[in-house]
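Shown next: entry-v1.tsv, containing TSV, C-alpha atoms.
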chain	number	residue	atom	x	y	z
K	1	MET	CA	-32.56	83.64	99.04
K	2	SER	CA	-34.22	86.71	97.55
K	3	ASP	CA	-31.29	86.96	95.09
K	4	SER	CA	-31.84	83.35	94.03
K	5	LYS	CA	-35.58	83.97	93.52
K	6	GLY	CA	-34.83	87.07	91.47
K	7	LEU	CA	-32.30	85.22	89.32
K	8	GLU	CA	-34.73	82.36	88.79
K	9	ARG	CA	-37.46	84.82	87.75
K	10	ARG	CA	-35.10	86.41	85.22
K	11	TYR	CA	-34.11	83.03	83.83
K	12	ARG	CA	-37.80	82.10	83.50
K	13	ARG	CA	-38.37	85.30	81.54
K	14	LEU	CA	-35.62	84.29	79.11
K	15	LEU	CA	-36.96	80.74	78.86
K	16	ALA	CA	-40.38	82.18	77.93
K	17	CYS	CA	-38.82	82.95	74.50
K	18	TYR	CA	-38.83	79.21	73.68
K	19	PRO	CA	-41.79	77.52	71.96
K	20	ARG	CA	-44.39	76.24	74.44
K	21	ALA	CA	-43.90	72.55	73.62
K	22	PHE	CA	-40.13	72.81	74.20
K	23	ARG	CA	-40.72	74.63	77.49
K	24	ARG	CA	-43.13	71.97	78.66
K	25	GLU	CA	-40.48	69.30	78.07
K	26	TYR	CA	-37.28	71.06	79.17
K	27	GLU	CA	-37.95	74.29	81.11
K	28	GLN	CA	-37.56	72.81	84.62
K	29	GLU	CA	-34.45	70.96	83.59
K	30	ILE	CA	-32.76	73.95	81.94
K	31	LEU	CA	-33.67	76.10	84.90
K	32	ALA	CA	-32.04	73.58	87.25
K	33	VAL	CA	-28.87	73.61	85.11
K	34	LEU	CA	-28.80	77.42	84.97
K	35	MET	CA	-29.28	77.75	88.73
K	36	ALA	CA	-26.65	75.08	89.42
K	37	GLY	CA	-24.15	76.98	87.27
K	38	ALA	CA	-24.88	80.39	88.85
K	39	ASP	CA	-22.26	82.02	91.05
K	40	GLU	CA	-22.90	82.77	94.72
K	41	GLY	CA	-24.85	86.02	94.95
K	42	GLN	CA	-25.40	86.27	91.20
K	43	GLN	CA	-28.50	88.36	90.54
K	44	ARG	CA	-28.74	88.52	86.77
K	45	PRO	CA	-28.15	86.05	83.92
K	46	ARG	CA	-24.71	86.45	82.34
K	47	LEU	CA	-24.72	88.24	79.00
K	48	GLY	CA	-23.37	85.24	77.05
K	49	GLU	CA	-25.89	82.95	78.72
K	50	ALA	CA	-28.81	85.27	77.90
K	51	ALA	CA	-27.63	85.66	74.28
K	52	ASP	CA	-27.33	81.87	73.96
K	53	LEU	CA	-30.86	81.28	75.30
K	54	ILE	CA	-32.43	84.01	73.14
K	55	SER	CA	-30.65	82.94	69.94
K	56	ARG	CA	-31.51	79.25	70.46
K	57	ALA	CA	-35.13	80.12	71.24
K	58	THR	CA	-35.40	82.32	68.13
K	59	TRP	CA	-33.95	79.60	65.94
K	60	MET	CA	-36.35	77.04	67.43
K	61	ARG	CA	-39.28	79.24	66.50
K	62	LEU	CA	-38.04	79.94	62.96
K	63	ARG	CA	-36.35	76.69	61.96
K	64	PRO	CA	-37.98	74.44	59.39
K	65	ARG	CA	-39.58	71.32	60.79
K	66	VAL	CA	-38.69	69.15	57.86
K	67	PRO	CA	-37.11	65.69	58.03
K	68	ARG	CA	-33.58	65.43	56.66
K	69	SER	CA	-34.94	63.01	54.06
K	70	GLN	CA	-36.54	66.01	52.32
K	71	PRO	CA	-33.61	68.36	51.68
K	72	THR	CA	-35.44	70.04	48.79
K	73	VAL	CA	-37.92	71.63	51.21
K	74	LEU	CA	-35.05	72.75	53.45
K	75	TRP	CA	-33.27	74.36	50.49
K	76	ALA	CA	-36.47	76.05	49.33
K	77	VAL	CA	-37.10	77.48	52.80
K	78	GLY	CA	-33.48	78.64	52.96
K	79	LEU	CA	-33.92	80.46	49.64
K	80	MET	CA	-37.08	82.16	50.96
K	81	TYR	CA	-35.13	83.39	53.99
K	82	ILE	CA	-32.46	84.66	51.55
K	83	CYS	CA	-35.22	86.59	49.73
K	84	ALA	CA	-36.31	88.09	53.08
K	85	ALA	CA	-32.69	89.09	53.81
K	86	LEU	CA	-32.26	90.60	50.32
K	87	LYS	CA	-35.43	92.62	50.88
K	88	LEU	CA	-34.09	93.92	54.20
K	89	LEU	CA	-30.93	95.00	52.38
K	90	GLY	CA	-33.14	97.09	50.08
K	91	VAL	CA	-32.73	94.95	46.94
K	92	PRO	CA	-35.76	95.77	44.75
K	93	ILE	CA	-38.19	93.09	43.56
K	94	LEU	CA	-38.89	95.13	40.43
K	95	PRO	CA	-36.33	97.35	38.65
K	96	ALA	CA	-36.98	100.77	40.16
K	97	PRO	CA	-36.39	103.85	37.98
K	98	SER	CA	-33.34	106.01	38.65
K	99	GLY	CA	-33.66	108.36	41.60
K	100	SER	CA	-36.45	106.47	43.34
K	101	THR	CA	-35.71	105.37	46.90
K	102	PRO	CA	-37.18	102.22	48.44
K	103	GLN	CA	-40.06	102.94	50.84
K	104	PRO	CA	-39.59	101.50	54.35
K	105	LEU	CA	-43.24	100.37	54.42
K	106	HIS	CA	-42.84	98.55	51.11
K	107	ILE	CA	-39.63	96.89	52.33
K	108	GLY	CA	-41.33	95.89	55.58
K	109	ILE	CA	-44.34	94.33	53.85
K	110	SER	CA	-42.21	92.41	51.34
K	111	TRP	CA	-39.90	91.21	54.11
K	112	GLY	CA	-42.93	90.11	56.14
K	113	VAL	CA	-44.35	88.16	53.19
K	114	PHE	CA	-41.06	86.33	52.56
K	115	ALA	CA	-40.51	85.63	56.26
K	116	LEU	CA	-44.08	84.31	56.62
K	117	LEU	CA	-43.74	82.14	53.51
K	118	ALA	CA	-40.41	80.72	54.70
K	119	TRP	CA	-41.75	80.04	58.19
K	120	ALA	CA	-45.00	78.44	56.96
K	121	ASN	CA	-43.32	76.37	54.25
K	122	GLY	CA	-40.81	75.18	56.85
K	123	ARG	CA	-43.79	73.83	58.75
K	124	ARG	CA	-45.10	72.20	55.58
K	125	TYR	CA	-48.43	74.02	55.51
K	126	GLY	CA	-50.07	73.31	52.16
K	127	TRP	CA	-51.51	76.84	51.88
K	128	ALA	CA	-48.01	78.28	52.12
K	129	THR	CA	-46.94	76.47	48.94
K	130	VAL	CA	-50.01	77.76	47.11
K	131	LEU	CA	-49.39	81.29	48.42
K	132	PHE	CA	-45.77	81.18	47.31
K	133	GLY	CA	-46.89	80.04	43.84
K	134	VAL	CA	-49.38	82.94	43.67
K	135	TRP	CA	-46.71	85.40	44.87
K	136	PHE	CA	-44.27	84.14	42.23
K	137	GLY	CA	-46.96	84.41	39.52
K	138	LEU	CA	-47.74	88.02	40.48
K	139	HIS	CA	-44.04	88.91	40.63
K	140	THR	CA	-43.40	87.34	37.20
K	141	SER	CA	-46.33	89.14	35.56
K	142	ALA	CA	-45.28	92.48	37.09
K	143	LEU	CA	-41.72	91.94	35.83
K	144	VAL	CA	-42.99	91.06	32.32
K	145	ALA	CA	-45.18	94.20	32.37
K	146	GLU	CA	-42.16	96.35	33.31
K	147	ILE	CA	-40.14	94.86	30.45
K	148	ALA	CA	-43.06	95.34	27.99
K	149	GLN	CA	-43.42	99.00	29.00
K	150	GLY	CA	-39.71	99.52	28.59
K	151	SER	CA	-39.34	101.04	32.06
K	152	VAL	CA	-36.72	98.41	32.82
K	153	PHE	CA	-34.34	100.22	30.44
K	154	SER	CA	-34.48	103.45	32.45
K	155	ALA	CA	-33.64	101.66	35.69
K	156	PRO	CA	-30.05	101.57	37.00
K	157	VAL	CA	-28.10	98.39	36.27
K	158	TRP	CA	-27.90	97.36	39.94
K	159	ALA	CA	-31.71	97.53	40.23
K	160	VAL	CA	-32.17	95.32	37.14
K	161	ILE	CA	-29.59	92.81	38.41
K	162	GLY	CA	-31.25	92.82	41.86
K	163	ALA	CA	-34.71	92.21	40.41
K	164	VAL	CA	-33.49	89.40	38.15
K	165	LEU	CA	-31.58	87.83	41.04
K	166	PHE	CA	-34.73	87.97	43.17
K	167	TRP	CA	-36.78	86.33	40.44
K	168	LEU	CA	-34.21	83.56	39.93
K	169	VAL	CA	-34.02	82.79	43.66
K	170	GLU	CA	-37.83	82.68	43.86
K	171	ALA	CA	-38.03	80.47	40.74
K	172	LEU	CA	-35.50	78.04	42.18
K	173	ALA	CA	-37.37	77.93	45.51
K	174	LEU	CA	-40.64	77.19	43.66
K	175	VAL	CA	-39.06	74.41	41.58
K	176	LEU	CA	-37.61	72.82	44.73
K	177	ILE	CA	-40.88	73.05	46.62
K	178	LEU	CA	-42.89	71.54	43.77
K	179	SER	CA	-40.36	68.77	43.17
K	180	LYS	CA	-41.40	65.17	43.73
K	181	ARG	CA	-39.18	64.79	46.82
K	182	SER	CA	-40.84	67.79	48.51
K	183	GLY	CA	-44.34	66.62	47.61
K	184	ALA	CA	-44.21	63.71	50.05
K	185	GLY	CA	-43.66	66.13	52.90
K	186	TYR	CA	-46.59	68.34	52.11
K	187	ARG	CA	-49.07	65.50	52.26
K	188	ARG	CA	-48.34	65.04	55.95
K	189	ARG	CA	-49.57	67.29	58.72
K	190	PRO	CA	-46.92	69.57	60.20
K	191	ALA	CA	-45.19	67.95	63.16
K	192	ARG	CA	-45.71	69.56	66.57
K	193	LEU	CA	-42.49	70.46	68.34
A	1	MET	CA	-27.31	51.36	59.74
A	2	LEU	CA	-25.97	54.85	60.17
A	3	THR	CA	-28.09	57.85	59.22
A	4	ASN	CA	-27.28	60.89	57.07
A	5	MET	CA	-25.76	62.40	60.21
A	6	ALA	CA	-23.00	59.81	60.15
A	7	ARG	CA	-22.06	60.85	56.65
A	8	ARG	CA	-21.75	64.49	57.67
A	9	THR	CA	-18.97	65.73	59.90
A	10	MET	CA	-20.18	65.67	63.49
A	11	GLN	CA	-19.93	68.97	65.34
A	12	GLU	CA	-17.46	68.97	68.19
A	13	ALA	CA	-20.12	69.77	70.79
A	14	THR	CA	-22.20	66.79	69.65
A	15	PHE	CA	-19.15	64.52	69.71
A	16	LEU	CA	-18.27	65.63	73.24
A	17	ILE	CA	-21.85	65.23	74.52
A	18	LEU	CA	-22.03	61.69	73.13
A	19	THR	CA	-18.58	60.97	74.60
A	20	ALA	CA	-19.75	62.24	78.00
A	21	LEU	CA	-22.67	59.82	77.85
A	22	ALA	CA	-20.57	56.89	76.64
A	23	ALA	CA	-19.38	56.02	80.16
A	24	GLY	CA	-22.88	56.06	81.65
A	25	SER	CA	-26.04	58.11	82.09
A	26	GLN	CA	-25.70	61.76	83.16
A	27	HIS	CA	-27.94	64.76	83.84
A	28	GLY	CA	-27.63	68.15	82.12
A	29	TYR	CA	-25.24	69.83	84.53
A	30	GLY	CA	-23.17	66.63	84.72
A	31	ILE	CA	-22.80	66.64	80.93
A	32	ILE	CA	-21.64	70.29	80.96
A	33	ALA	CA	-19.03	69.51	83.64
A	34	ASP	CA	-17.88	66.34	81.87
A	35	VAL	CA	-17.57	68.06	78.48
A	36	ARG	CA	-15.45	70.77	80.10
A	37	ALA	CA	-13.21	68.08	81.67
A	38	ILE	CA	-12.94	65.99	78.46
A	39	SER	CA	-11.98	69.04	76.41
A	40	GLY	CA	-9.46	70.29	78.98
A	41	CYS	CA	-11.65	73.33	79.83
A	42	ARG	CA	-11.65	74.37	76.16
A	43	VAL	CA	-15.36	73.73	75.50
A	44	GLN	CA	-17.80	75.33	77.92
A	45	LEU	CA	-21.32	74.36	76.88
A	46	LYS	CA	-24.07	76.82	77.69
A	47	ALA	CA	-27.48	75.55	78.81
A	48	GLY	CA	-29.28	76.75	75.65
A	49	THR	CA	-26.74	75.04	73.40
A	50	LEU	CA	-26.80	71.83	75.45
A	51	TYR	CA	-30.58	71.44	75.42
A	52	ALA	CA	-30.87	72.29	71.72
A	53	ALA	CA	-28.36	69.46	71.12
A	54	LEU	CA	-30.07	67.05	73.53
A	55	GLU	CA	-33.43	67.67	71.86
A	56	ARG	CA	-31.91	66.97	68.41
A	57	LEU	CA	-30.05	63.88	69.62
A	58	ARG	CA	-33.25	62.52	71.20
A	59	ALA	CA	-35.17	63.15	67.97
A	60	ASP	CA	-32.45	61.30	66.05
A	61	LYS	CA	-32.69	58.48	68.62
A	62	LEU	CA	-28.99	58.74	69.47
A	63	ILE	CA	-29.73	59.30	73.16
A	64	GLU	CA	-32.71	58.55	75.41
A	65	VAL	CA	-33.96	59.36	78.88
A	66	ASP	CA	-32.58	56.91	81.43
A	67	ARG	CA	-34.43	58.11	84.55
A	68	GLU	CA	-35.80	61.20	86.27
A	69	GLU	CA	-35.26	62.43	89.80
A	70	ILE	CA	-36.47	65.39	91.82
A	71	VAL	CA	-33.56	67.05	93.64
A	72	ASP	CA	-34.24	70.20	95.74
A	73	SER	CA	-37.71	70.29	94.16
A	74	ARG	CA	-36.16	70.53	90.68
A	75	LEU	CA	-36.40	67.97	87.89
A	76	ARG	CA	-33.19	66.15	87.10
A	77	ARG	CA	-33.33	64.00	83.98
A	78	TYR	CA	-30.59	61.52	83.19
A	79	TYR	CA	-29.73	60.73	79.57
A	80	ARG	CA	-27.97	57.69	78.16
A	81	LEU	CA	-26.54	56.69	74.80
A	82	THR	CA	-28.64	54.38	72.61
A	83	ALA	CA	-27.12	51.54	70.59
A	84	LYS	CA	-27.43	53.74	67.49
A	85	GLY	CA	-25.72	56.62	69.32
A	86	GLY	CA	-22.87	54.34	70.39
A	87	GLU	CA	-22.45	53.10	66.84
A	88	LEU	CA	-22.33	56.66	65.49
A	89	LEU	CA	-19.86	57.80	68.15
A	90	ALA	CA	-17.58	54.82	67.44
A	91	ALA	CA	-17.68	55.59	63.70
A	92	GLU	CA	-16.84	59.24	64.30
A	93	ALA	CA	-14.04	58.39	66.75
A	94	THR	CA	-12.54	55.97	64.20
A	95	ARG	CA	-12.72	58.64	61.51
A	96	LEU	CA	-11.00	61.23	63.72
A	97	GLN	CA	-8.38	58.69	64.80
A	98	ALA	CA	-7.59	57.84	61.16
A	99	ASN	CA	-7.27	61.52	60.27
A	100	ALA	CA	-5.03	62.17	63.29
A	101	ARG	CA	-2.84	59.17	62.41
A	102	VAL	CA	-2.30	60.50	58.88
A	103	ALA	CA	-1.53	64.00	60.21
A	104	MET	CA	1.01	62.66	62.71
A	105	SER	CA	2.69	60.41	60.17
A	106	ARG	CA	3.09	63.35	57.80
A	107	LEU	CA	4.41	65.60	60.53
A	108	LYS	CA	7.05	63.09	61.66
A	109	PRO	CA	9.36	63.38	58.61
A	110	ALA	CA	9.09	67.19	58.76
A	111	GLY	CA	9.98	67.12	62.47
A	112	ALA	CA	12.84	64.72	61.81
A	113	ALA	CA	14.19	66.89	59.00
A	114	ALA	CA	14.16	69.95	61.22
A	115	THR	CA	16.23	68.26	63.94

In structure tokens, write the structure found in this file.
Amino acid sequence: MSDSKGLERRYRRLLACYPRAFRREYEQEILAVLMAGADEGQQRPRLGEAADLISRATWMRLRPRVPRSQPTVLWAVGLMYICAALKLLGVPILPAPSGSTPQPLHIGISWGVFALLAWANGRRYGWATVLFGVWFGLHTSALVAEIAQGSVFSAPVWAVIGAVLFWLVEALALVLILSKRSGAGYRRRPARL
Amino acid sequence: MLTNMARRTMQEATFLILTALAAGSQHGYGIIADVRAISGCRVQLKAGTLYAALERLRADKLIEVDREEIVDSRLRRYYRLTAKGGELLAAEATRLQANARVAMSRLKPAGAAAT
């Protein structure tokens, strides 16, 4: 019996990763299914089971809450997550001069901004669209300043390509988010899960 | 009228869950066991995957809650297919059947030639 209590406690800990609204609706049910599928004397969740619960819970927290009738918002959010991934890979936003190495703090902040923008736009918060527009404006002006100063010519080719790629992805995301089809979504309040 | 989902290829797990519910209402663990049986033990749904799918199918109004019971002080919720879910499953089954028929008809001459 103590084994069963311990297993249940561990399953509950894993289920705590899910958003509160989902837990309210399904936690008892999932727990019943997990306990019914447990082997006699099993004390810990199986590795595959735990990975499945954690990955599903993470996706539920990050996924866009946008109806399928508004694919433009979904694409825009996807592009913002691509920007976050590019940043994690160390792709520079601005063409860095030769020999300079990306600072972990700078990468972390940029990644955080993109992840936050993707998450918030996926929930159709109006401020997130405005913030993304401001971010894009600042990025564009910084890029123009780099080109005007000529520092872009001293940067390695991969850094220039990376920066241009970043700008294009951001520009496409902004166009999608400001498109007429996306606009309808932003007038509504974000749906609660 | 079928939704966008009908126009996309249905994932196998979704197809099997809807198939499990086609014969009557079932609870979560029952669906897992039925999916395993339908697929000849090939598809073993995990609880996280099942409930992510059930939540999506409920949101799309393809399934609904039939009834709830408390068994051994645990909630047991039974799900059933809606009319829309049945329509979508039938459309997908027809599509798969048509594809399989074409594949078999094309394999027959090759098999005949080999023998």

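The interatomic distance for the pair CA of Ser110 in chain K and CA of Cys83 in chain K works out to 9.2 Å.
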
Between A:Ala53, A:Ala37, A:Ala103, A:Ile63, which is the closest to Tyr79 in chain A once you count all atoms listed in the file?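 Counting all atoms listed in the file, the residue closest to Tyr79 in chain A is A:Ile63.
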
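In plain terms, chain A touches chain K through A:Tyr29, A:Gly48, A:Leu75, where touching means an atom at most 6 Å away, counting all atoms listed in the file.
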
Neighbouring residues of Thr140 in chain K were defined as those with any atom within 12 Å, considering all atoms listed in the file; residues of the same chain fewer than 2 positions away were excluded. Please report them as a PDB file with C-alpha atoms, in the frame of the given file.
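Result saved to part.pdb:
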ATOM      1  CA  ILE K  93     -38.190  93.090  43.560  1.00  0.00           C
ATOM      2  CA  LEU K  94     -38.890  95.130  40.430  1.00  0.00           C
ATOM      3  CA  GLY K 133     -46.890  80.040  43.840  1.00  0.00           C
ATOM      4  CA  VAL K 134     -49.380  82.940  43.670  1.00  0.00           C
ATOM      5  CA  TRP K 135     -46.710  85.400  44.870  1.00  0.00           C
ATOM      6  CA  PHE K 136     -44.270  84.140  42.230  1.00  0.00           C
ATOM      7  CA  GLY K 137     -46.960  84.410  39.520  1.00  0.00           C
ATOM      8  CA  LEU K 138     -47.740  88.020  40.480  1.00  0.00           C
ATOM      9  CA  ALA K 142     -45.280  92.480  37.090  1.00  0.00           C
ATOM     10  CA  LEU K 143     -41.720  91.940  35.830  1.00  0.00           C
ATOM     11  CA  VAL K 144     -42.990  91.060  32.320  1.00  0.00           C
ATOM     12  CA  ALA K 145     -45.180  94.200  32.370  1.00  0.00           C
ATOM     13  CA  GLU K 146     -42.160  96.350  33.310  1.00  0.00           C
ATOM     14  CA  ILE K 147     -40.140  94.860  30.450  1.00  0.00           C
ATOM     15  CA  ALA K 163     -34.710  92.210  40.410  1.00  0.00           C
ATOM     16  CA  VAL K 164     -33.490  89.400  38.150  1.00  0.00           C
ATOM     17  CA  PHE K 166     -34.730  87.970  43.170  1.00  0.00           C
ATOM     18  CA  TRP K 167     -36.780  86.330  40.440  1.00  0.00           C
ATOM     19  CA  LEU K 168     -34.210  83.560  39.930  1.00  0.00           C
ATOM     20  CA  GLU K 170     -37.830  82.680  43.860  1.00  0.00           C
ATOM     21  CA  ALA K 171     -38.030  80.470  40.740  1.00  0.00           C
TER      22      ALA K 171
END

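Here CA of Lys61 in chain A stands at a distance of 27.4 Å from CA of Arg42 in chain A.
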
The residue from A:Leu54, A:Ala59, A:Val71, A:Leu45 with the smallest atom-to-atom distance to Pro67 in chain K, counting only C-alpha atoms, is A:Ala59

A:Ala13, A:Glu64, A:Ser25, A:Leu81: which is nearest Lys46 in chain A, counting all atoms listed in the file?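 The answer is A:Ala13, which sits nearest to Lys46 in chain A.
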
Separation of CA of Gly28 in chain A from CA of Arg77 in chain A in Å: 7.3 Å
